[in-house]
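Okay, protein.cif now, which holds mmCIF, C-alpha atoms:
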```cif
data_data
loop_
_atom_site.label_atom_id
_atom_site.label_comp_id
_atom_site.auth_asym_id
_atom_site.auth_seq_id
_atom_site.Cartn_x
_atom_site.Cartn_y
_atom_site.Cartn_z
CA MET V 188 13.74 -18.25 0.43
CA THR V 189 11.51 -16.19 2.73
CA THR V 190 13.42 -14.40 5.48
CA ASN V 191 12.66 -11.99 8.30
CA SER V 192 13.86 -8.42 8.50
CA PHE V 193 16.74 -7.60 10.83
CA MET V 194 14.85 -4.59 12.25
CA SER V 195 11.44 -3.45 13.38
CA TRP V 196 9.99 -0.13 12.29
CA ILE V 197 6.84 1.96 12.67
CA GLY V 198 4.13 0.50 10.42
CA GLY V 199 6.11 -2.64 9.61
CA LYS V 200 4.25 -5.28 7.59
CA LYS V 201 5.38 -8.41 9.41
CA SER V 202 1.81 -9.39 10.31
CA SER V 203 0.42 -8.58 6.84
CA ARG V 204 3.02 -10.08 4.51
CA ASP V 205 1.05 -13.31 3.98
CA ILE V 206 -1.90 -11.20 2.81
CA ILE V 207 0.07 -8.73 0.68
CA ILE V 208 2.51 -10.92 -1.26
CA PRO V 209 -0.13 -13.33 -2.68
CA ARG V 210 -1.76 -10.23 -4.18
CA PHE V 211 1.31 -9.17 -6.12
CA PRO V 212 0.80 -9.07 -9.90
CA LEU V 213 1.56 -12.26 -11.80
CA TYR V 214 4.33 -10.77 -13.91
CA TYR V 215 6.93 -8.06 -13.40
CA GLU V 216 10.67 -7.79 -13.95
CA LYS V 217 11.50 -4.90 -11.65
CA TYR V 218 10.36 -4.68 -8.02
CA ILE V 219 10.55 -1.27 -6.33
CA GLU V 220 9.79 -0.91 -2.62
CA VAL V 221 9.12 2.84 -2.46
CA PHE V 222 8.75 3.35 1.31
CA GLY V 223 11.11 0.66 2.52
CA GLY V 224 11.04 1.06 6.30
CA GLY V 225 11.97 -2.27 7.88
CA GLY V 226 11.76 -4.03 4.51
CA TRP V 227 9.47 -6.80 5.74
CA ILE V 228 7.84 -7.29 2.34
CA LEU V 229 11.18 -7.27 0.51
CA PHE V 230 12.62 -9.90 2.84
CA ALA V 231 9.46 -12.04 2.69
CA LYS V 232 9.09 -12.09 -1.10
CA PRO V 233 11.03 -14.71 -3.07
CA PRO V 234 14.21 -13.18 -4.55
CA GLY V 235 13.51 -14.75 -7.96
CA ASN V 236 15.05 -13.19 -11.05
CA ASP V 237 13.51 -9.74 -10.72
CA HIS V 238 15.57 -6.59 -10.32
CA GLU V 239 14.95 -5.35 -6.75
CA ILE V 240 15.16 -1.77 -5.49
CA PHE V 241 14.77 -0.71 -1.85
CA ASN V 242 14.15 2.98 -1.19
CA ASP V 243 13.51 5.15 1.84
CA ALA V 244 13.56 8.94 2.09
CA ASN V 245 14.91 8.55 5.63
CA SER V 246 18.67 8.60 5.05
CA ASN V 247 19.32 6.80 8.35
CA ILE V 248 17.29 3.82 7.11
CA SER V 249 18.95 3.78 3.68
CA ASN V 250 22.39 4.08 5.28
CA LEU V 251 21.64 1.23 7.69
CA PHE V 252 20.53 -1.05 4.85
CA TYR V 253 23.60 -0.11 2.82
CA CYS V 254 25.94 -0.84 5.73
CA VAL V 255 24.20 -4.16 6.45
CA ARG V 256 24.77 -5.13 2.81
CA GLU V 257 28.33 -3.83 2.39
CA HIS V 258 29.86 -3.71 5.89
CA SER V 259 27.98 -6.26 8.01
CA ASP V 260 31.10 -7.50 9.87
CA GLU V 261 32.19 -3.98 10.81
CA LEU V 262 28.63 -3.06 11.82
CA ILE V 263 28.38 -6.10 14.10
CA GLU V 264 31.69 -5.25 15.77
CA LYS V 265 30.50 -1.72 16.50
CA LEU V 266 27.32 -3.15 18.03
CA ARG V 267 29.02 -5.86 20.08
CA TYR V 268 29.47 -3.83 23.26
CA VAL V 269 26.80 -1.12 23.07
CA LEU V 270 24.98 -0.36 26.30
CA ASN V 271 21.29 -0.82 26.97
CA CYS V 272 20.98 2.25 29.18
CA ARG V 273 19.16 5.57 29.09
CA GLU V 274 22.33 7.67 29.27
CA ASP V 275 23.83 6.09 26.15
CA PHE V 276 20.49 6.24 24.36
CA ASP V 277 20.09 9.96 25.09
CA ARG V 278 23.67 10.58 23.96
CA ILE V 279 23.03 9.38 20.41
CA LYS V 280 19.31 9.96 19.76
CA HIS V 281 19.96 13.33 18.09
CA ILE V 282 20.96 11.46 14.92
CA ILE V 283 17.33 10.64 14.03
CA SER V 284 16.81 14.26 12.94
CA GLU V 285 20.10 14.55 11.05
CA LYS V 286 20.86 13.45 7.50
CA ALA V 287 23.15 10.45 7.20
CA GLU V 288 25.89 10.03 4.63
CA ILE V 289 25.48 6.69 2.90
CA GLY V 290 28.29 4.39 4.02
CA ASP V 291 28.68 5.76 7.57
CA VAL V 292 28.97 2.54 9.61
CA GLN V 293 29.19 4.24 13.00
CA ARG V 294 25.98 6.15 12.35
CA ALA V 295 24.32 2.92 11.17
CA ALA V 296 25.32 1.24 14.44
CA ASN V 297 24.00 4.16 16.48
CA PHE V 298 20.73 4.16 14.56
CA TYR V 299 20.30 0.41 14.99
CA GLN V 300 20.98 0.79 18.71
CA LEU V 301 18.19 3.39 18.89
CA ILE V 302 15.78 1.09 17.06
CA ARG V 303 16.48 -1.90 19.30
CA TYR V 304 16.53 -0.08 22.63
CA SER V 305 13.66 2.38 22.05
CA TYR V 306 10.00 2.03 22.91
CA ALA V 307 8.08 0.56 19.93
CA SER V 308 11.05 1.31 17.63
CA SER V 309 10.28 5.02 17.91
CA CYS V 310 13.99 5.92 18.29
CA ASP V 311 13.12 8.85 20.57
CA SER V 312 12.00 7.18 23.81
CA PHE V 313 14.15 4.72 25.78
CA GLY V 314 12.38 1.37 26.13
CA GLY V 315 14.01 0.16 29.33
CA LYS V 316 13.51 -3.52 28.45
CA PRO V 317 16.11 -6.32 28.50
CA HIS V 318 17.44 -7.16 25.07
CA SER V 319 20.64 -8.87 23.93
CA MET V 320 22.09 -7.04 20.94
CA TRP V 321 24.06 -10.17 20.14
CA SER V 322 20.82 -12.00 19.33
CA ASN V 323 20.46 -9.70 16.30
CA PHE V 324 23.80 -10.59 14.73
CA PRO V 325 22.54 -13.70 12.86
CA LEU V 326 19.68 -11.58 11.47
CA ILE V 327 22.14 -8.95 10.23
CA GLU V 328 24.31 -11.61 8.58
CA GLN V 329 21.28 -13.20 6.92
CA ALA V 330 20.04 -9.78 5.74
CA SER V 331 23.47 -9.00 4.30
CA ARG V 332 23.30 -12.08 2.10
CA ARG V 333 19.73 -11.35 1.02
CA LEU V 334 20.55 -7.73 0.09
CA GLN V 335 23.58 -8.47 -2.08
CA LYS V 336 21.75 -7.86 -5.37
CA VAL V 337 19.31 -5.25 -4.07
CA VAL V 338 19.80 -1.63 -5.16
CA ILE V 339 19.46 0.73 -2.18
CA GLU V 340 18.16 4.25 -2.83
CA ASN V 341 17.47 7.36 -0.73
CA LYS V 342 15.07 9.39 -2.87
CA ASP V 343 11.81 11.27 -2.69
CA PHE V 344 9.04 8.90 -3.82
CA GLU V 345 7.97 11.04 -6.79
CA LYS V 346 11.49 11.14 -8.24
CA LEU V 347 11.98 7.41 -7.67
CA ILE V 348 8.69 6.45 -9.34
CA SER V 349 9.41 8.67 -12.33
CA ALA V 350 12.95 7.29 -12.73
CA GLN V 351 12.03 3.59 -12.36
CA ASP V 352 8.74 3.41 -14.24
CA SER V 353 8.47 0.99 -17.17
CA GLU V 354 6.00 -1.57 -18.49
CA VAL V 355 7.68 -4.28 -16.40
CA SER V 356 7.97 -2.25 -13.17
CA PHE V 357 6.02 -3.07 -10.02
CA PHE V 358 5.89 -0.48 -7.24
CA TYR V 359 4.96 -1.55 -3.73
CA CYS V 360 4.15 1.53 -1.63
CA ASP V 361 3.65 1.54 2.13
CA PRO V 362 3.46 5.29 2.86
CA PRO V 363 2.80 6.91 6.23
CA TYR V 364 -0.87 6.28 6.94
CA PHE V 365 -3.45 9.01 6.71
CA SER V 366 -3.48 11.14 9.91
CA THR V 367 -0.19 9.58 11.15
CA GLU V 368 2.11 11.93 9.26
CA GLY V 369 3.48 13.38 12.52
CA TYR V 370 5.30 10.11 13.26
CA TYR V 371 7.47 10.71 10.18
CA GLU V 372 8.59 14.30 10.72
CA ASN V 373 12.21 13.46 9.97
CA VAL V 374 11.34 12.72 6.31
CA GLY V 375 8.78 15.51 5.92
CA PHE V 376 5.80 13.47 4.67
CA THR V 377 2.79 15.77 4.91
CA THR V 378 -0.96 15.42 4.40
CA ALA V 379 -0.58 16.90 0.90
CA ASP V 380 1.86 14.11 -0.01
CA HIS V 381 -0.96 11.54 -0.03
CA GLU V 382 -2.38 13.30 -3.06
CA ARG V 383 1.10 13.75 -4.57
CA LEU V 384 1.66 9.99 -4.27
CA ARG V 385 -1.68 9.25 -5.96
CA ASP V 386 -0.79 11.64 -8.78
CA SER V 387 2.68 10.08 -9.15
CA LEU V 388 1.10 6.64 -9.63
CA LYS V 389 -1.85 7.72 -11.76
CA ASN V 390 -0.28 7.51 -15.22
CA ILE V 391 2.61 5.08 -14.76
CA SER V 392 3.29 2.37 -17.35
CA GLY V 393 3.92 -0.25 -14.68
CA LYS V 394 1.80 -1.65 -11.85
CA PHE V 395 1.42 -0.49 -8.27
CA LEU V 396 0.16 -1.82 -4.97
CA VAL V 397 -0.38 0.60 -2.08
CA SER V 398 -0.97 -0.27 1.59
CA TYR V 399 -3.04 2.14 3.64
CA ASN V 400 -5.24 2.44 6.69
CA ASP V 401 -8.85 1.87 5.64
CA CYS V 402 -10.52 5.27 5.95
CA PRO V 403 -13.01 7.33 3.88
CA GLU V 404 -10.37 9.88 2.84
CA ILE V 405 -8.12 7.27 1.21
CA ARG V 406 -11.03 5.42 -0.40
CA GLU V 407 -12.14 8.70 -1.97
CA LEU V 408 -8.60 9.63 -3.02
CA TYR V 409 -8.16 6.31 -4.87
CA GLY V 410 -11.72 5.95 -6.13
CA GLY V 411 -11.93 3.73 -9.23
CA TYR V 412 -8.94 1.51 -8.39
CA GLU V 413 -8.97 -2.12 -7.26
CA MET V 414 -9.27 -2.40 -3.46
CA TYR V 415 -9.05 -5.18 -0.89
CA SER V 416 -9.77 -4.58 2.81
CA TYR V 417 -8.79 -6.72 5.77
CA GLU V 418 -8.26 -6.39 9.51
CA ARG V 419 -5.25 -7.00 11.70
CA LEU V 420 -4.60 -6.71 15.42
CA ASN V 421 -3.96 -3.14 16.54
CA ASN V 422 -0.60 -3.61 18.26
CA ILE V 423 -0.70 -0.24 20.02
CA ARG V 424 -4.23 -0.53 21.41
CA GLN V 425 -3.59 -4.16 22.40
CA ARG V 426 -1.85 -2.86 25.52
CA PHE V 427 -5.11 -1.53 26.99
CA ASP V 428 -7.84 -2.95 24.72
CA GLY V 429 -7.28 -6.63 24.08
CA GLY V 430 -8.47 -7.90 20.71
CA SER V 431 -8.70 -4.43 19.16
CA MET V 432 -8.55 -4.60 15.36
CA PHE V 433 -7.29 -2.16 12.74
CA GLY V 434 -8.65 -1.82 9.21
CA GLU V 435 -6.11 -2.09 6.38
CA LEU V 436 -6.63 -1.39 2.68
CA LEU V 437 -4.74 -2.59 -0.40
CA ILE V 438 -5.10 -0.49 -3.56
CA ALA V 439 -3.87 -1.49 -7.02
CA ASN V 440 -4.11 -0.68 -10.72
CA TYR V 441 -4.47 -4.40 -11.60
CA ASP V 442 -6.60 -7.38 -10.56
CA LEU V 443 -5.62 -8.14 -6.96
CA ASN V 444 -6.82 -11.74 -7.33
CA GLU V 445 -4.92 -12.68 -10.50
CA ARG V 446 -2.12 -14.51 -8.69
CA LEU V 447 -4.50 -16.17 -6.24
CA ASN V 448 -6.79 -17.36 -9.05
CA THR V 449 -3.87 -18.68 -11.08
CA ASN V 450 -2.49 -20.59 -8.10
CA GLN V 451 -5.93 -22.13 -7.50
CA GLN V 452 -6.19 -23.17 -11.15
CA ILE V 453 -2.72 -24.75 -11.01
CA SER V 454 -3.68 -26.65 -7.84
CA LEU V 455 -6.86 -27.97 -9.47
CA PHE V 456 -4.91 -28.99 -12.58
CA GLU V 457 -2.36 -30.88 -10.46
CA MET V 458 -5.16 -32.66 -8.60
CA GLU V 459 -6.76 -33.75 -11.87
CA GLU V 460 -3.41 -35.02 -13.17
CA ASN V 461 -2.72 -36.96 -10.00
CA TYR V 462 -6.17 -38.43 -9.42
CA GLY V 463 -7.98 -38.29 -12.76
CA ASP V 464 -11.70 -38.97 -12.75
CA ILE V 465 -12.95 -40.47 -9.52
#
```
As structure tokens, what does this structure read like?
Amino acid sequence: MTTNSFMSWIGGKKSSRDIIIPRFPLYYEKYIEVFGGGGWILFAKPPGNDHEIFNDANSNISNLFYCVREHSDELIEKLRYVLNCREDFDRIKHIISEKAEIGDVQRAANFYQLIRYSYASSCDSFGGKPHSMWSNFPLIEQASRRLQKVVIENKDFEKLISAQDSEVSFFYCDPPYFSTEGYYENVGFTTADHERLRDSLKNISGKFLVSYNDCPEIRELYGGYEMYSYERLNNIRQRFDGGSMFGELLIANYDLNERLNTNQQISLFEMEENYGDI
């Protein structure tokens, strides 16, 4: 069952999930979401029988996901009477630069409050917009059920890829985009890490799919791999430049059309069975 995430996050893939998931490989037994963020792809993909791993180097994100899975009732109670005001926001926003201990429900509640009441989910600037925290409680409960069999990690991407690689592994990577590294200072992703990610994926036994902004630097970095480009609305520029589009790029070490082609063949076969020769 396809579900929505319980949280928004910088670079979330809500608008791209219907483009990305049909380009997953046909077969894998282990799904690893390396840069989890809001988990929009994880929540949108069918749970199936694959072994699922959600990872984010940001300990506040990993802790929030863990607490949603293991302590959803307690988390909701701590969120029930939080205030949508600048004073309360400023009181707790220091946590975005501090490491979280996995299992800290109060910190998870504070972090979720920052996400929901900040401007564009930045966690550092108060949004000042009306929002009922209670409207999120059904999403948290739904996410808790969906995450029950998901392993939640808080590792550097290179260590995670090395530890989880196998012939049946599939890594979906949605790293900070090229030239946007400054938005992710709290996890220390630098310009050099784009090359480190490419090198980590270069010789794996499994398959990978990477989402990036479509730019010459990334096309050169991943030269020789399968690529698929598309455009989506630029949500930030939309505020002052209506209809502005943003180029996205999918990169893989397998045929990005294999699932799409197989589904088309199955549809044609079903049509022939149902209608025969006309």
Apply the PyMOL selection byres ((chain V and resi 299) around 10) to the file shown and report the selected residues as a PyMOL selection string.
-> chain V and resi 193-195+247-248+251+262+266+293-298+300-305+308+310+320
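Closest to V:Leu408 among V:Leu384, V:Val355, V:Leu326, V:Leu270 is V:Leu384, based on all atoms listed in the file.
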Hey, what's within 9 Å of V:Gly226 if we count only C-alpha atoms and toss same-chain stuff fewer than 5 positions away? As a ChimeraX atom specification, please?
-> /V:191-196,199-200,220,231,241
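When only C-alpha atoms are used to measure the gap to V:Arg273, the shortest distance among V:Ser312, V:Ser246, V:Thr367, V:Asn236 belongs to V:Ser312.
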Apply the PyMOL selection byres ((chain V and resi 414) around 7) to the file shown and report the selected residues as a VMD selection string.
-> chain V and resid 412 to 413 415 to 416 436 to 439
Keeping C-alpha atoms, export the residues of the selection given above as an mmCIF file, in the frame of the given file.
```
data_model
loop_
_atom_site.group_PDB
_atom_site.id
_atom_site.type_symbol
_atom_site.label_atom_id
_atom_site.label_comp_id
_atom_site.auth_asym_id
_atom_site.auth_seq_id
_atom_site.Cartn_x
_atom_site.Cartn_y
_atom_site.Cartn_z
ATOM 1 C CA TYR V 412 -8.940 1.510 -8.390
ATOM 2 C CA GLU V 413 -8.970 -2.120 -7.260
ATOM 3 C CA TYR V 415 -9.050 -5.180 -0.890
ATOM 4 C CA SER V 416 -9.770 -4.580 2.810
ATOM 5 C CA LEU V 436 -6.630 -1.390 2.680
ATOM 6 C CA LEU V 437 -4.740 -2.590 -0.400
ATOM 7 C CA ILE V 438 -5.100 -0.490 -3.560
ATOM 8 C CA ALA V 439 -3.870 -1.490 -7.020
#
```
Excluding V:Gly393 and residues on its chain fewer than 3 positions from it, collect all residues at most 12 Å away from it, counting all atoms listed in the file, and give them as a PDB file with C-alpha atoms, in the frame of the given file.
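Okay, this is what ended up in around09.pdb:
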```
ATOM      1  CA  PRO V 212       0.800  -9.070  -9.900  1.00  0.00           C
ATOM      2  CA  TYR V 214       4.330 -10.770 -13.910  1.00  0.00           C
ATOM      3  CA  TYR V 215       6.930  -8.060 -13.400  1.00  0.00           C
ATOM      4  CA  GLU V 216      10.670  -7.790 -13.950  1.00  0.00           C
ATOM      5  CA  LYS V 217      11.500  -4.900 -11.650  1.00  0.00           C
ATOM      6  CA  TYR V 218      10.360  -4.680  -8.020  1.00  0.00           C
ATOM      7  CA  ILE V 219      10.550  -1.270  -6.330  1.00  0.00           C
ATOM      8  CA  ILE V 348       8.690   6.450  -9.340  1.00  0.00           C
ATOM      9  CA  SER V 349       9.410   8.670 -12.330  1.00  0.00           C
ATOM     10  CA  ALA V 350      12.950   7.290 -12.730  1.00  0.00           C
ATOM     11  CA  GLN V 351      12.030   3.590 -12.360  1.00  0.00           C
ATOM     12  CA  ASP V 352       8.740   3.410 -14.240  1.00  0.00           C
ATOM     13  CA  SER V 353       8.470   0.990 -17.170  1.00  0.00           C
ATOM     14  CA  GLU V 354       6.000  -1.570 -18.490  1.00  0.00           C
ATOM     15  CA  VAL V 355       7.680  -4.280 -16.400  1.00  0.00           C
ATOM     16  CA  SER V 356       7.970  -2.250 -13.170  1.00  0.00           C
ATOM     17  CA  PHE V 357       6.020  -3.070 -10.020  1.00  0.00           C
ATOM     18  CA  PHE V 358       5.890  -0.480  -7.240  1.00  0.00           C
ATOM     19  CA  TYR V 359       4.960  -1.550  -3.730  1.00  0.00           C
ATOM     20  CA  SER V 387       2.680  10.080  -9.150  1.00  0.00           C
ATOM     21  CA  LEU V 388       1.100   6.640  -9.630  1.00  0.00           C
ATOM     22  CA  LYS V 389      -1.850   7.720 -11.760  1.00  0.00           C
ATOM     23  CA  ASN V 390      -0.280   7.510 -15.220  1.00  0.00           C
ATOM     24  CA  LEU V 396       0.160  -1.820  -4.970  1.00  0.00           C
ATOM     25  CA  ALA V 439      -3.870  -1.490  -7.020  1.00  0.00           C
ATOM     26  CA  ASN V 440      -4.110  -0.680 -10.720  1.00  0.00           C
ATOM     27  CA  TYR V 441      -4.470  -4.400 -11.600  1.00  0.00           C
TER      28      TYR V 441
END
```
Atomic separation - atom CA of V:Leu334 relative to atom CA of V:Asp442, Å | 29.2 Å
Picked residues, the PyMOL selection byres ((chain V and resi 378) around 9), expected as a ChimeraX atom specification | /V:365-368,376-377,379-382
Would you fill out stretch 279-292 of chain V with N, CA and C atoms and return it as a JSON list (two decimals), in the frame of the given file?
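Wrote it out as result30.json, contents follow:
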```
[["chain", "number", "residue", "atom", "x", "y", "z"],
["V", 279, "ILE", "N", 22.97, 9.55, 21.87],
["V", 279, "ILE", "CA", 23.03, 9.38, 20.41],
["V", 279, "ILE", "C", 21.70, 9.66, 19.70],
["V", 280, "LYS", "N", 20.61, 9.89, 20.43],
["V", 280, "LYS", "CA", 19.31, 9.96, 19.76],
["V", 280, "LYS", "C", 19.14, 11.20, 18.88],
["V", 281, "HIS", "N", 20.04, 12.16, 18.96],
["V", 281, "HIS", "CA", 19.96, 13.33, 18.09],
["V", 281, "HIS", "C", 20.10, 12.96, 16.62],
["V", 282, "ILE", "N", 20.68, 11.80, 16.32],
["V", 282, "ILE", "CA", 20.96, 11.46, 14.92],
["V", 282, "ILE", "C", 19.68, 11.22, 14.11],
["V", 283, "ILE", "N", 18.54, 10.94, 14.79],
["V", 283, "ILE", "CA", 17.33, 10.64, 14.03],
["V", 283, "ILE", "C", 16.83, 11.85, 13.24],
["V", 284, "SER", "N", 17.24, 13.05, 13.64],
["V", 284, "SER", "CA", 16.81, 14.26, 12.94],
["V", 284, "SER", "C", 17.89, 14.82, 12.04],
["V", 285, "GLU", "N", 19.00, 14.08, 11.89],
["V", 285, "GLU", "CA", 20.10, 14.55, 11.05],
["V", 285, "GLU", "C", 20.25, 13.64, 9.83],
["V", 286, "LYS", "N", 20.67, 14.21, 8.74],
["V", 286, "LYS", "CA", 20.86, 13.45, 7.50],
["V", 286, "LYS", "C", 22.12, 12.60, 7.59],
["V", 287, "ALA", "N", 22.00, 11.36, 7.18],
["V", 287, "ALA", "CA", 23.15, 10.45, 7.20],
["V", 287, "ALA", "C", 23.83, 10.42, 5.84],
["V", 288, "GLU", "N", 25.14, 10.28, 5.85],
["V", 288, "GLU", "CA", 25.89, 10.03, 4.63],
["V", 288, "GLU", "C", 25.91, 8.53, 4.39],
["V", 289, "ILE", "N", 25.53, 8.12, 3.21],
["V", 289, "ILE", "CA", 25.48, 6.69, 2.90],
["V", 289, "ILE", "C", 26.87, 6.09, 3.00],
["V", 290, "GLY", "N", 27.00, 5.05, 3.80],
["V", 290, "GLY", "CA", 28.29, 4.39, 4.02],
["V", 290, "GLY", "C", 28.88, 4.65, 5.39],
["V", 291, "ASP", "N", 28.20, 5.42, 6.23],
["V", 291, "ASP", "CA", 28.68, 5.76, 7.57],
["V", 291, "ASP", "C", 28.30, 4.62, 8.52],
["V", 292, "VAL", "N", 29.26, 3.73, 8.81],
["V", 292, "VAL", "CA", 28.97, 2.54, 9.61],
["V", 292, "VAL", "C", 28.70, 2.90, 11.06]]
```
